[in-house]
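Read through the structure below, which is laid out as structure tokens, and then see the notes.
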Amino acid sequence: MSQPILTLDFLDQATAPATEQLPADVRVTEATHTGRSRRLYIESYGCQMNFSDSEIVSSILFDEGFDTTTELAEADLVLLNTCSIREKAEITVRQRLKEINAHKRRQPGLLVGVLGCMAERLKSKFLEEEQIVDLVVGPDAYRDLPRLIKEVDNGQRSVNVLLSREETYADITPVRLNSNGVSAFISIMRGCDNMCSFCVVPFTRGRERSRDAHSIVREAQDLFVKGFKEVTLLGQNVDSYKWQSADGSEFVNFAQLLERVALVSPELRIRFSTSHPKDITDEVLHTMARYDNVCNYIHLPAQSGNSRVLELMNRTYDREWYLDRVAAIRRILGPDCGISTDMIAGFCSETEEEHQDTLSLMDHVQYDMSYMFFYSERPGTLAARKLADDVPLDVKKRRLAEIIERQQQHSLIRSQMGVGKVHRVLVENVSKRSTEHLSGRNDQNKVVIFPKKHYQKGDYVNVLVHECTSTTLLGNAVE
Ligand code: SAH
Ligand code: SF4
Ligand code: F3S
């Protein structure tokens with residue numbers, strides 16, 4: 001019998017996201033049922049660091065007698081792990097608090113807390129502005145949650161937003177939430193010491209600090225023993241990872257850490273994010289080239305293709321430097337290495353020609369994928385204090401639309417390069433659109449879909465790709 005082949009028109013019948021009323025990038029934790037006395041419902045907004053932190057928070061609260069639930073109606077405690085990166089992210093959280101408030105009227109004993117970057121940015125102002133909130137906890141204060149919750153149980157409203165120079169939660173084993181059992185995140189550092197002028201992260205996450213290399217390798221080993229096949233090492237700027245043992249005898253940089261994690265097993269895939277163009281070294285690229293299990297994919301945010309704008313952004317590299325790093329990637333890892341970026345349209349005083357430089361940089365690099373935004377001024381940042389947010393909103397949006405259109409063309413070109421080739425795919429799930437198909441990613445982080453046959457989640461499968469869209473490769477398993 002011939003295998004069912006997934007056609008492009010089939011893919012185009014997109015289905016609605018599972019969490020109907022929430023934006024697509026919000027994650028609700030899955031349930032643990034271990035008979036604990038109270039239930040925690042936690043929603044995470046923003047970046048992977050927040051999703052990873054929610055796993056640490058769940059672990060801390062699990063030890064305090066909380067199971068997690070996916071049903072708001074079952075919860076004793078609701079936590080929103082929030083993001084401040086753009087104004088829209090904060091508006092989304094405010095809106096969600098209104099909905100939770102309506103819910104709390106029906107369930108008066110419900111405790112409501114905000115965690116993460118918006119908690120850190122607003123501090124106790126959150127309690128003044130949002131009557132529903134009982135608890136405000138910043139990203140470095142999660143160990144204090146048990147004490148803070150006790151205060152709230154005693155009728156107080158509690159805040160801890162102290163930032164730390166040491167906290168890395170190295171000894172806490174995260175409760176893996178929303179896990180497919182195949183891939184997991186490992187935080188390798190916290191905070192950020194860069195001062196990109198548009199960015200709120202240094203204010204909400206504090207100083208950069210690197211986690212003990214041994215605890216990272218142990219976590220990767222432990223995940224592999226539990227059946228995980230892929231880990232993503234997380235940090236705002238992984239290339240500046242540096243850890244020194246207490247006695248000073250051991251020093252580990254990012255390339256060396258990557259190697260140590262790669263050596264856990266050739267069957268464990270390693271990814272990492274985010275790389276900063278000023279810090280990514282040839283040593284890192286050579287380490288990637290040496291180990292097959294370190295994926296050939298680099299997220300290398302450019303933000304802009306124009307050197308004057310990059311200087312105003314305080315990115316500390318210019319267009320030439322960025323292009324030199326891309327040339328190094330192509331030289332050391334080859335033309336197939338996946339590269340993605342973040343781009344900001346309409347930063348302060350950006351001219352039409354400077355915007356064209358962003359488009360021409362994109363033409364030059366041909367990114368596999370981009371996260372694209374228009375500039376959103378954030379209170380307290382260098383840009384908010386020193387630069388006028390003077391590009392009109394309609395111009396920002398038009399420039400962003402042009403960037404998105406260009407990216408779609410490039411994504412398609414990059415996908416087409418994969419047609420007719422065999423890709424090693426790590427199966428992550430059954431395809432969202434057909435139970436007869438499996439979905440996974442190739443080395444370059446592209447989604448690959450193919451008929452299931454006898455294959456399962458967690459298998460590495462060689463797939464011959466015969467068709468593609470800009471975001472997805474379609475093929476058949478080959479032995
Ligand atoms: N540490 C990463 C980025 C983390 S924030 C890095 O340095 O690349 C993720 C992305 O959000 C940024 O890369 C940037 O493109 C975007 N971003 C950050 N602040 C923004 C702002 N004020 N307006 C619009 N986009 C912003
Ligand atoms: Fe923000 Fe820049 Fe740090 Fe990234 S490197 S988190 S953009 S300050
Ligand atoms: Fe948002 Fe904080 Fe991440 S601002 S993007 S959740 S580090």
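Residues are referred to by chain and number: the chain letter is A, B, ... according to the order shown in the structure tokens, the number counts from 1 in that chain, and ligands are numbered separately from 1 in the order shown.
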
| task | Write down as an MDAnalysis selection string the residues of segment 4-199 of chain A whose backbone DSSP state falls under strand (DSSP E). | result | chainID A and resid 27:28 38:44 66:68 77:82 111:115 135:137 158:160 183:187 189:190

For the residues in that selection, give me N, CA, C and O atoms as a compact mmCIF listing (two decimals), in the first residue's frame.
# COMPACT_ATOMS: atom_id res chain seq x y z
N ARG A 27 1.98 30.17 27.28
CA ARG A 27 1.95 28.76 27.62
C ARG A 27 1.29 28.55 28.97
O ARG A 27 1.58 29.25 29.92
N VAL A 28 0.40 27.57 29.02
CA VAL A 28 -0.22 27.17 30.28
C VAL A 28 0.43 25.86 30.66
O VAL A 28 0.64 24.99 29.83
N ARG A 38 -2.74 21.73 47.47
CA ARG A 38 -3.18 22.95 46.76
C ARG A 38 -2.79 22.86 45.30
O ARG A 38 -1.90 22.11 44.92
N ARG A 39 -3.48 23.71 44.51
CA ARG A 39 -3.22 23.65 43.06
C ARG A 39 -2.74 24.99 42.52
O ARG A 39 -3.30 26.04 42.82
N LEU A 40 -1.71 24.90 41.69
CA LEU A 40 -1.10 26.07 41.05
C LEU A 40 -1.44 26.07 39.56
O LEU A 40 -1.29 25.06 38.88
N TYR A 41 -1.91 27.22 39.09
CA TYR A 41 -2.12 27.42 37.65
C TYR A 41 -1.14 28.50 37.23
O TYR A 41 -1.14 29.59 37.79
N ILE A 42 -0.25 28.19 36.26
CA ILE A 42 0.77 29.18 35.88
C ILE A 42 0.77 29.39 34.37
O ILE A 42 0.75 28.44 33.60
N GLU A 43 0.72 30.66 33.98
CA GLU A 43 0.79 31.03 32.55
C GLU A 43 2.09 31.79 32.34
O GLU A 43 2.42 32.67 33.11
N SER A 44 2.78 31.46 31.25
CA SER A 44 4.07 32.12 30.98
C SER A 44 4.01 32.93 29.70
O SER A 44 3.57 32.42 28.67
N PHE A 66 2.16 22.15 46.27
CA PHE A 66 1.31 22.56 45.14
C PHE A 66 1.47 21.60 43.96
O PHE A 66 2.58 21.40 43.47
N ASP A 67 0.35 21.02 43.49
CA ASP A 67 0.32 20.39 42.18
C ASP A 67 0.03 21.47 41.15
O ASP A 67 -0.54 22.51 41.49
N THR A 68 0.37 21.22 39.87
CA THR A 68 -0.03 22.18 38.84
C THR A 68 -1.31 21.70 38.18
O THR A 68 -1.60 20.51 38.14
N LEU A 77 -3.96 28.96 43.50
CA LEU A 77 -3.00 30.04 43.24
C LEU A 77 -2.81 30.19 41.74
O LEU A 77 -2.54 29.20 41.04
N VAL A 78 -2.98 31.43 41.24
CA VAL A 78 -2.71 31.71 39.82
C VAL A 78 -1.46 32.56 39.73
O VAL A 78 -1.35 33.58 40.42
N LEU A 79 -0.51 32.14 38.91
CA LEU A 79 0.70 32.95 38.69
C LEU A 79 0.81 33.30 37.22
O LEU A 79 0.68 32.42 36.35
N LEU A 80 1.04 34.58 36.94
CA LEU A 80 1.34 34.99 35.56
C LEU A 80 2.82 35.36 35.52
O LEU A 80 3.26 36.24 36.25
N ASN A 81 3.58 34.63 34.70
CA ASN A 81 5.01 34.93 34.56
C ASN A 81 5.15 35.87 33.36
O ASN A 81 5.02 35.46 32.21
N THR A 82 5.40 37.12 33.65
CA THR A 82 5.14 38.20 32.69
C THR A 82 6.37 38.69 31.93
O THR A 82 7.50 38.46 32.34
N LEU A 111 -5.71 33.06 45.14
CA LEU A 111 -4.57 33.97 45.27
C LEU A 111 -3.99 34.24 43.88
O LEU A 111 -3.90 33.33 43.06
N VAL A 112 -3.60 35.51 43.65
CA VAL A 112 -3.10 35.88 42.32
C VAL A 112 -1.72 36.53 42.46
O VAL A 112 -1.55 37.48 43.23
N GLY A 113 -0.75 36.00 41.73
CA GLY A 113 0.60 36.56 41.78
C GLY A 113 1.13 36.88 40.40
O GLY A 113 0.77 36.23 39.42
N VAL A 114 1.99 37.90 40.33
CA VAL A 114 2.69 38.16 39.07
C VAL A 114 4.19 37.96 39.29
O VAL A 114 4.75 38.40 40.30
N LEU A 115 4.79 37.28 38.34
CA LEU A 115 6.22 36.99 38.39
C LEU A 115 6.89 37.64 37.18
O LEU A 115 6.22 38.19 36.32
N LEU A 135 0.55 39.22 45.06
CA LEU A 135 1.94 38.79 45.17
C LEU A 135 2.71 39.30 43.95
O LEU A 135 2.29 39.10 42.82
N VAL A 136 3.86 39.98 44.20
CA VAL A 136 4.70 40.45 43.09
C VAL A 136 6.11 39.92 43.34
O VAL A 136 6.74 40.26 44.35
N VAL A 137 6.61 39.09 42.41
CA VAL A 137 7.91 38.45 42.65
C VAL A 137 8.79 38.56 41.41
O VAL A 137 8.41 38.12 40.32
N SER A 158 2.25 40.75 49.23
CA SER A 158 3.71 40.62 49.38
C SER A 158 4.47 40.95 48.11
O SER A 158 4.00 40.65 47.01
N VAL A 159 5.66 41.50 48.31
CA VAL A 159 6.52 41.85 47.17
C VAL A 159 7.96 41.44 47.48
O VAL A 159 8.45 41.70 48.58
N ASN A 160 8.61 40.77 46.54
CA ASN A 160 10.07 40.64 46.59
C ASN A 160 10.61 40.76 45.18
O ASN A 160 10.37 39.90 44.33
N SER A 183 12.50 17.26 23.96
CA SER A 183 13.41 18.40 24.04
C SER A 183 13.13 19.23 25.29
O SER A 183 11.99 19.35 25.72
N ALA A 184 14.21 19.77 25.86
CA ALA A 184 14.09 20.55 27.10
C ALA A 184 15.04 21.73 27.06
O ALA A 184 16.04 21.72 26.34
N PHE A 185 14.70 22.74 27.85
CA PHE A 185 15.56 23.93 27.97
C PHE A 185 16.44 23.81 29.21
O PHE A 185 15.99 23.34 30.23
N ILE A 186 17.66 24.28 29.10
CA ILE A 186 18.53 24.38 30.27
C ILE A 186 19.05 25.81 30.33
O ILE A 186 19.73 26.28 29.42
N SER A 187 18.73 26.52 31.43
CA SER A 187 19.26 27.88 31.61
C SER A 187 20.72 27.78 31.99
O SER A 187 21.05 27.09 32.95
N MET A 189 22.72 30.74 32.08
CA MET A 189 23.11 32.01 32.67
C MET A 189 21.86 32.86 32.86
O MET A 189 20.80 32.53 32.34
N ARG A 190 22.00 33.93 33.64
CA ARG A 190 20.86 34.83 33.85
C ARG A 190 21.32 36.27 33.68
O ARG A 190 22.49 36.57 33.79

| task | Give as a ChimeraX atom specification the residues surrounding ligand 2 up to a distance of 10 Å, considering only C-alpha atoms and all ligand atoms. | result | /A:85,191-208,235-238,274-278,301-303,313-316,342,381

Using N, CA and C atoms, can you export the residues from the last selection as a JSON list (two decimals), in the first residue's frame?
[["chain", "number", "residue", "atom", "x", "y", "z"],
["A", 85, "ILE", "N", 8.93, 43.23, 27.32],
["A", 85, "ILE", "CA", 9.84, 43.58, 26.24],
["A", 85, "ILE", "C", 9.28, 44.66, 25.31],
["A", 191, "GLY", "N", 20.36, 37.15, 33.44],
["A", 191, "GLY", "CA", 20.66, 38.57, 33.35],
["A", 191, "GLY", "C", 21.36, 38.95, 32.06],
["A", 192, "CYS", "N", 21.69, 40.24, 31.95],
["A", 192, "CYS", "CA", 22.40, 40.72, 30.76],
["A", 192, "CYS", "C", 23.19, 41.97, 31.12],
["A", 193, "ASP", "N", 24.47, 41.98, 30.72],
["A", 193, "ASP", "CA", 25.32, 43.14, 30.99],
["A", 193, "ASP", "C", 25.43, 44.09, 29.81],
["A", 194, "ASN", "N", 24.74, 43.76, 28.71],
["A", 194, "ASN", "CA", 24.74, 44.70, 27.60],
["A", 194, "ASN", "C", 23.71, 45.77, 27.88],
["A", 195, "MET", "N", 23.86, 46.84, 27.21],
["A", 195, "MET", "CA", 22.91, 47.94, 27.43],
["A", 195, "MET", "C", 22.38, 48.40, 26.09],
["A", 196, "CYS", "N", 21.75, 47.49, 25.36],
["A", 196, "CYS", "CA", 21.13, 47.89, 24.10],
["A", 196, "CYS", "C", 20.10, 48.96, 24.45],
["A", 197, "SER", "N", 20.12, 50.07, 23.73],
["A", 197, "SER", "CA", 19.39, 51.24, 24.22],
["A", 197, "SER", "C", 17.88, 51.05, 24.20],
["A", 198, "PHE", "N", 17.38, 50.10, 23.39],
["A", 198, "PHE", "CA", 15.93, 49.89, 23.30],
["A", 198, "PHE", "C", 15.41, 48.92, 24.36],
["A", 199, "CYS", "N", 16.31, 48.25, 25.09],
["A", 199, "CYS", "CA", 15.94, 47.00, 25.76],
["A", 199, "CYS", "C", 15.77, 47.13, 27.27],
["A", 200, "VAL", "N", 14.70, 46.52, 27.75],
["A", 200, "VAL", "CA", 14.34, 46.60, 29.16],
["A", 200, "VAL", "C", 14.98, 45.46, 29.98],
["A", 201, "VAL", "N", 15.51, 44.45, 29.27],
["A", 201, "VAL", "CA", 15.97, 43.23, 29.97],
["A", 201, "VAL", "C", 17.03, 43.48, 31.05],
["A", 202, "PRO", "N", 18.05, 44.33, 30.80],
["A", 202, "PRO", "CA", 19.03, 44.54, 31.87],
["A", 202, "PRO", "C", 18.39, 45.08, 33.16],
["A", 203, "PHE", "N", 17.28, 45.80, 33.01],
["A", 203, "PHE", "CA", 16.60, 46.35, 34.19],
["A", 203, "PHE", "C", 15.72, 45.31, 34.88],
["A", 204, "THR", "N", 15.18, 44.38, 34.10],
["A", 204, "THR", "CA", 14.25, 43.42, 34.69],
["A", 204, "THR", "C", 14.95, 42.13, 35.13],
["A", 205, "ARG", "N", 16.12, 41.87, 34.57],
["A", 205, "ARG", "CA", 16.78, 40.59, 34.86],
["A", 205, "ARG", "C", 18.13, 40.77, 35.54],
["A", 206, "GLY", "N", 18.57, 42.02, 35.66],
["A", 206, "GLY", "CA", 19.79, 42.27, 36.42],
["A", 206, "GLY", "C", 21.07, 41.87, 35.72],
["A", 207, "ARG", "N", 22.14, 41.80, 36.53],
["A", 207, "ARG", "CA", 23.49, 41.57, 36.00],
["A", 207, "ARG", "C", 23.66, 40.16, 35.48],
["A", 208, "GLU", "N", 24.54, 40.06, 34.50],
["A", 208, "GLU", "CA", 24.82, 38.74, 33.91],
["A", 208, "GLU", "C", 25.59, 37.86, 34.90],
["A", 235, "GLY", "N", 20.29, 31.59, 27.34],
["A", 235, "GLY", "CA", 20.81, 32.79, 27.99],
["A", 235, "GLY", "C", 20.55, 33.97, 27.07],
["A", 236, "GLN", "N", 20.57, 35.19, 27.60],
["A", 236, "GLN", "CA", 20.36, 36.36, 26.75],
["A", 236, "GLN", "C", 21.53, 36.55, 25.79],
["A", 237, "ASN", "N", 22.68, 36.02, 26.17],
["A", 237, "ASN", "CA", 23.89, 36.24, 25.38],
["A", 237, "ASN", "C", 24.83, 35.08, 25.70],
["A", 238, "VAL", "N", 24.51, 33.90, 25.17],
["A", 238, "VAL", "CA", 25.22, 32.67, 25.59],
["A", 238, "VAL", "C", 26.72, 32.74, 25.31],
["A", 274, "THR", "N", 20.53, 32.91, 23.12],
["A", 274, "THR", "CA", 20.74, 33.67, 21.92],
["A", 274, "THR", "C", 22.22, 34.00, 21.76],
["A", 275, "SER", "N", 22.69, 34.08, 20.51],
["A", 275, "SER", "CA", 24.08, 34.48, 20.27],
["A", 275, "SER", "C", 24.12, 35.98, 19.98],
["A", 276, "HIS", "N", 25.08, 36.64, 20.57],
["A", 276, "HIS", "CA", 25.25, 38.07, 20.30],
["A", 276, "HIS", "C", 26.38, 38.24, 19.28],
["A", 277, "PRO", "N", 26.11, 38.98, 18.20],
["A", 277, "PRO", "CA", 27.11, 39.11, 17.14],
["A", 277, "PRO", "C", 28.47, 39.61, 17.63],
["A", 278, "LYS", "N", 28.48, 40.41, 18.71],
["A", 278, "LYS", "CA", 29.77, 40.93, 19.15],
["A", 278, "LYS", "C", 30.59, 39.84, 19.85],
["A", 301, "PRO", "N", 20.74, 37.68, 16.30],
["A", 301, "PRO", "CA", 19.96, 38.89, 16.05],
["A", 301, "PRO", "C", 20.78, 40.06, 15.57],
["A", 302, "ALA", "N", 20.37, 40.63, 14.42],
["A", 302, "ALA", "CA", 21.07, 41.79, 13.86],
["A", 302, "ALA", "C", 20.44, 43.09, 14.38],
["A", 303, "GLN", "N", 19.13, 43.12, 14.48],
["A", 303, "GLN", "CA", 18.31, 44.28, 14.90],
["A", 303, "GLN", "C", 18.18, 45.33, 13.80],
["A", 313, "MET", "N", 21.52, 52.12, 18.77],
["A", 313, "MET", "CA", 20.97, 51.00, 19.55],
["A", 313, "MET", "C", 21.95, 50.49, 20.60],
["A", 314, "ASN", "N", 23.21, 50.99, 20.50],
["A", 314, "ASN", "CA", 24.27, 50.55, 21.41],
["A", 314, "ASN", "C", 24.52, 49.05, 21.31],
["A", 315, "ARG", "N", 24.47, 48.53, 20.09],
["A", 315, "ARG", "CA", 24.70, 47.10, 19.90],
["A", 315, "ARG", "C", 26.19, 46.76, 19.90],
["A", 316, "THR", "N", 27.04, 47.76, 19.79],
["A", 316, "THR", "CA", 28.51, 47.62, 19.85],
["A", 316, "THR", "C", 29.13, 46.83, 18.69],
["A", 342, "ASP", "N", 16.65, 38.64, 14.81],
["A", 342, "ASP", "CA", 15.58, 39.53, 15.27],
["A", 342, "ASP", "C", 15.81, 40.86, 14.57],
["A", 381, "THR", "N", 14.62, 52.94, 29.67],
["A", 381, "THR", "CA", 15.75, 52.51, 28.84],
["A", 381, "THR", "C", 16.53, 53.74, 28.35]]

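Near Asp222 of chain A, within 10 Å and counting only C-alpha atoms, sit Thr173, Ile216, Phe228 and Val264 of chain A, not including residues fewer than 6 positions from it in the same chain.
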
Would you output that residue set with N, CA, C and O atoms, as a PDB file, in the first residue's frame?
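Ended up saving to again-v4.pdb:
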ATOM      1  N   THR A 173      16.013  21.261  40.430  1.00  0.00           N
ATOM      2  CA  THR A 173      15.670  20.452  39.263  1.00  0.00           C
ATOM      3  C   THR A 173      14.301  20.889  38.781  1.00  0.00           C
ATOM      4  O   THR A 173      13.313  20.711  39.478  1.00  0.00           O
ATOM      5  N   ILE A 216      25.213  22.224  34.914  1.00  0.00           N
ATOM      6  CA  ILE A 216      24.605  22.219  33.571  1.00  0.00           C
ATOM      7  C   ILE A 216      24.793  20.844  32.930  1.00  0.00           C
ATOM      8  O   ILE A 216      23.840  20.254  32.402  1.00  0.00           O
ATOM      9  N   PHE A 228      15.183  12.215  27.175  1.00  0.00           N
ATOM     10  CA  PHE A 228      15.207  13.417  26.328  1.00  0.00           C
ATOM     11  C   PHE A 228      16.314  13.274  25.285  1.00  0.00           C
ATOM     12  O   PHE A 228      17.347  12.677  25.545  1.00  0.00           O
ATOM     13  N   VAL A 264      28.038  14.529  26.367  1.00  0.00           N
ATOM     14  CA  VAL A 264      27.109  13.723  27.193  1.00  0.00           C
ATOM     15  C   VAL A 264      26.699  12.476  26.414  1.00  0.00           C
ATOM     16  O   VAL A 264      26.728  11.361  26.919  1.00  0.00           O
TER      17      VAL A 264
END

At a cut-off of 6 Å and counting only C-alpha atoms and all ligand atoms, what residues surround ligand 3? Please answer as a compact mmCIF listing (two decimals) with all heavy atoms, in the first residue's frame.
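The result, stored in part-v7.txt:
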# COMPACT_ATOMS: atom_id res chain seq x y z
N GLY A 46 6.24 35.82 27.07
CA GLY A 46 7.58 36.30 26.75
C GLY A 46 8.49 35.22 26.20
O GLY A 46 8.07 34.39 25.41
N CYS A 47 9.74 35.21 26.68
CA CYS A 47 10.76 34.39 26.03
C CYS A 47 10.94 33.04 26.72
O CYS A 47 10.36 32.76 27.76
CB CYS A 47 12.07 35.14 25.99
SG CYS A 47 12.75 35.43 27.64
N MET A 49 13.32 32.05 28.45
CA MET A 49 13.83 32.17 29.82
C MET A 49 12.66 32.13 30.81
O MET A 49 12.76 31.54 31.88
CB MET A 49 14.58 33.49 30.02
CG MET A 49 15.80 33.67 29.18
SD MET A 49 17.17 32.59 29.60
CE MET A 49 17.55 33.08 31.26
N ASN A 50 11.58 32.78 30.45
CA ASN A 50 10.41 32.77 31.33
C ASN A 50 9.78 31.39 31.41
O ASN A 50 9.36 30.95 32.47
CB ASN A 50 9.36 33.77 30.82
CG ASN A 50 9.34 35.04 31.65
OD1 ASN A 50 10.25 35.28 32.44
ND2 ASN A 50 8.30 35.85 31.47
N CYS A 83 6.10 39.42 30.86
CA CYS A 83 7.13 39.96 29.97
C CYS A 83 6.91 41.46 29.78
O CYS A 83 5.77 41.92 29.73
CB CYS A 83 7.03 39.25 28.62
SG CYS A 83 8.10 39.92 27.34
N SER A 84 8.00 42.21 29.66
CA SER A 84 7.92 43.67 29.49
C SER A 84 8.56 44.15 28.20
O SER A 84 8.74 45.33 28.02
CB SER A 84 8.70 44.35 30.63
OG SER A 84 7.96 44.35 31.80
N ILE A 85 8.93 43.23 27.32
CA ILE A 85 9.84 43.58 26.24
C ILE A 85 9.28 44.66 25.31
O ILE A 85 9.98 45.53 24.86
CB ILE A 85 10.29 42.32 25.44
CG1 ILE A 85 11.57 42.60 24.67
CG2 ILE A 85 9.22 41.78 24.52
CD1 ILE A 85 12.80 42.47 25.46
N CYS A 117 9.36 39.65 34.39
CA CYS A 117 9.96 40.95 34.05
C CYS A 117 9.05 42.14 34.35
O CYS A 117 9.52 43.18 34.78
CB CYS A 117 10.39 40.94 32.59
SG CYS A 117 11.77 39.81 32.33
N VAL A 201 15.51 44.45 29.27
CA VAL A 201 15.97 43.23 29.97
C VAL A 201 17.03 43.48 31.05
O VAL A 201 16.92 42.94 32.16
CB VAL A 201 16.44 42.16 28.95
CG1 VAL A 201 17.08 40.97 29.65
CG2 VAL A 201 15.27 41.70 28.10

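With distances restricted to only C-alpha atoms and all ligand atoms, A:Arg86 is the closest residue to ligand 1 from A:Arg86, A:Arg399, A:Lys457, A:Arg94.
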
| task | Using backbone DSSP assignments, extract all helix (DSSP H, G or I) residues from segment 103-329 of chain A; output them as a PyMOL selection string. | result | chain A and resi 103-106+116-122+125-129+142-153+201-205+213-225+238-240+254-262+282-290+307-312+319-329

| query | Leaving out Glu428 of chain A and any residue of its chain fewer than 5 positions from it, which residues lie within 7 Å of it when counting only C-alpha atoms, given as a list in words? | reply | Asn180, Val182, Ser439, Gly440, Lys457 and Gly458 of chain A

| message | Neighbouring residues of Arg176 of chain A were defined as those with any atom within 12 Å, considering only C-alpha atoms; residues of the same chain fewer than 5 positions away were excluded. Please report them as a PyMOL selection string. | response | chain A and resi 29-32+51-59+62+68+181-186+219+223+226+228

| request: Skip Leu263 of chain A itself and residues of its chain fewer than 2 positions away, then list as a ChimeraX atom specification all residues within 12 Å of it, counting only C-alpha atoms. | output: /A:217-218,220-221,224,256-261,265-270,287,290-294

| task | List the neighbours of Arg308 of chain A out to 9 Å using only C-alpha atoms; skip same-chain residues closer than 6 positions along the sequence, and give me the result as an MDAnalysis selection string. | result | chainID A and resid 318 350 354

Residues just named, written with C-alpha atoms as a compact mmCIF listing (two decimals), in the first residue's frame:
# COMPACT_ATOMS: atom_id res chain seq x y z
CA ASP A 318 28.42 47.62 12.91
CA GLU A 350 15.74 55.65 11.32
CA GLU A 354 18.65 53.12 6.72

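Relative to atom CA of Lys123 of chain A, atom CA of Pro139 of chain A is found at 11.6 Å.
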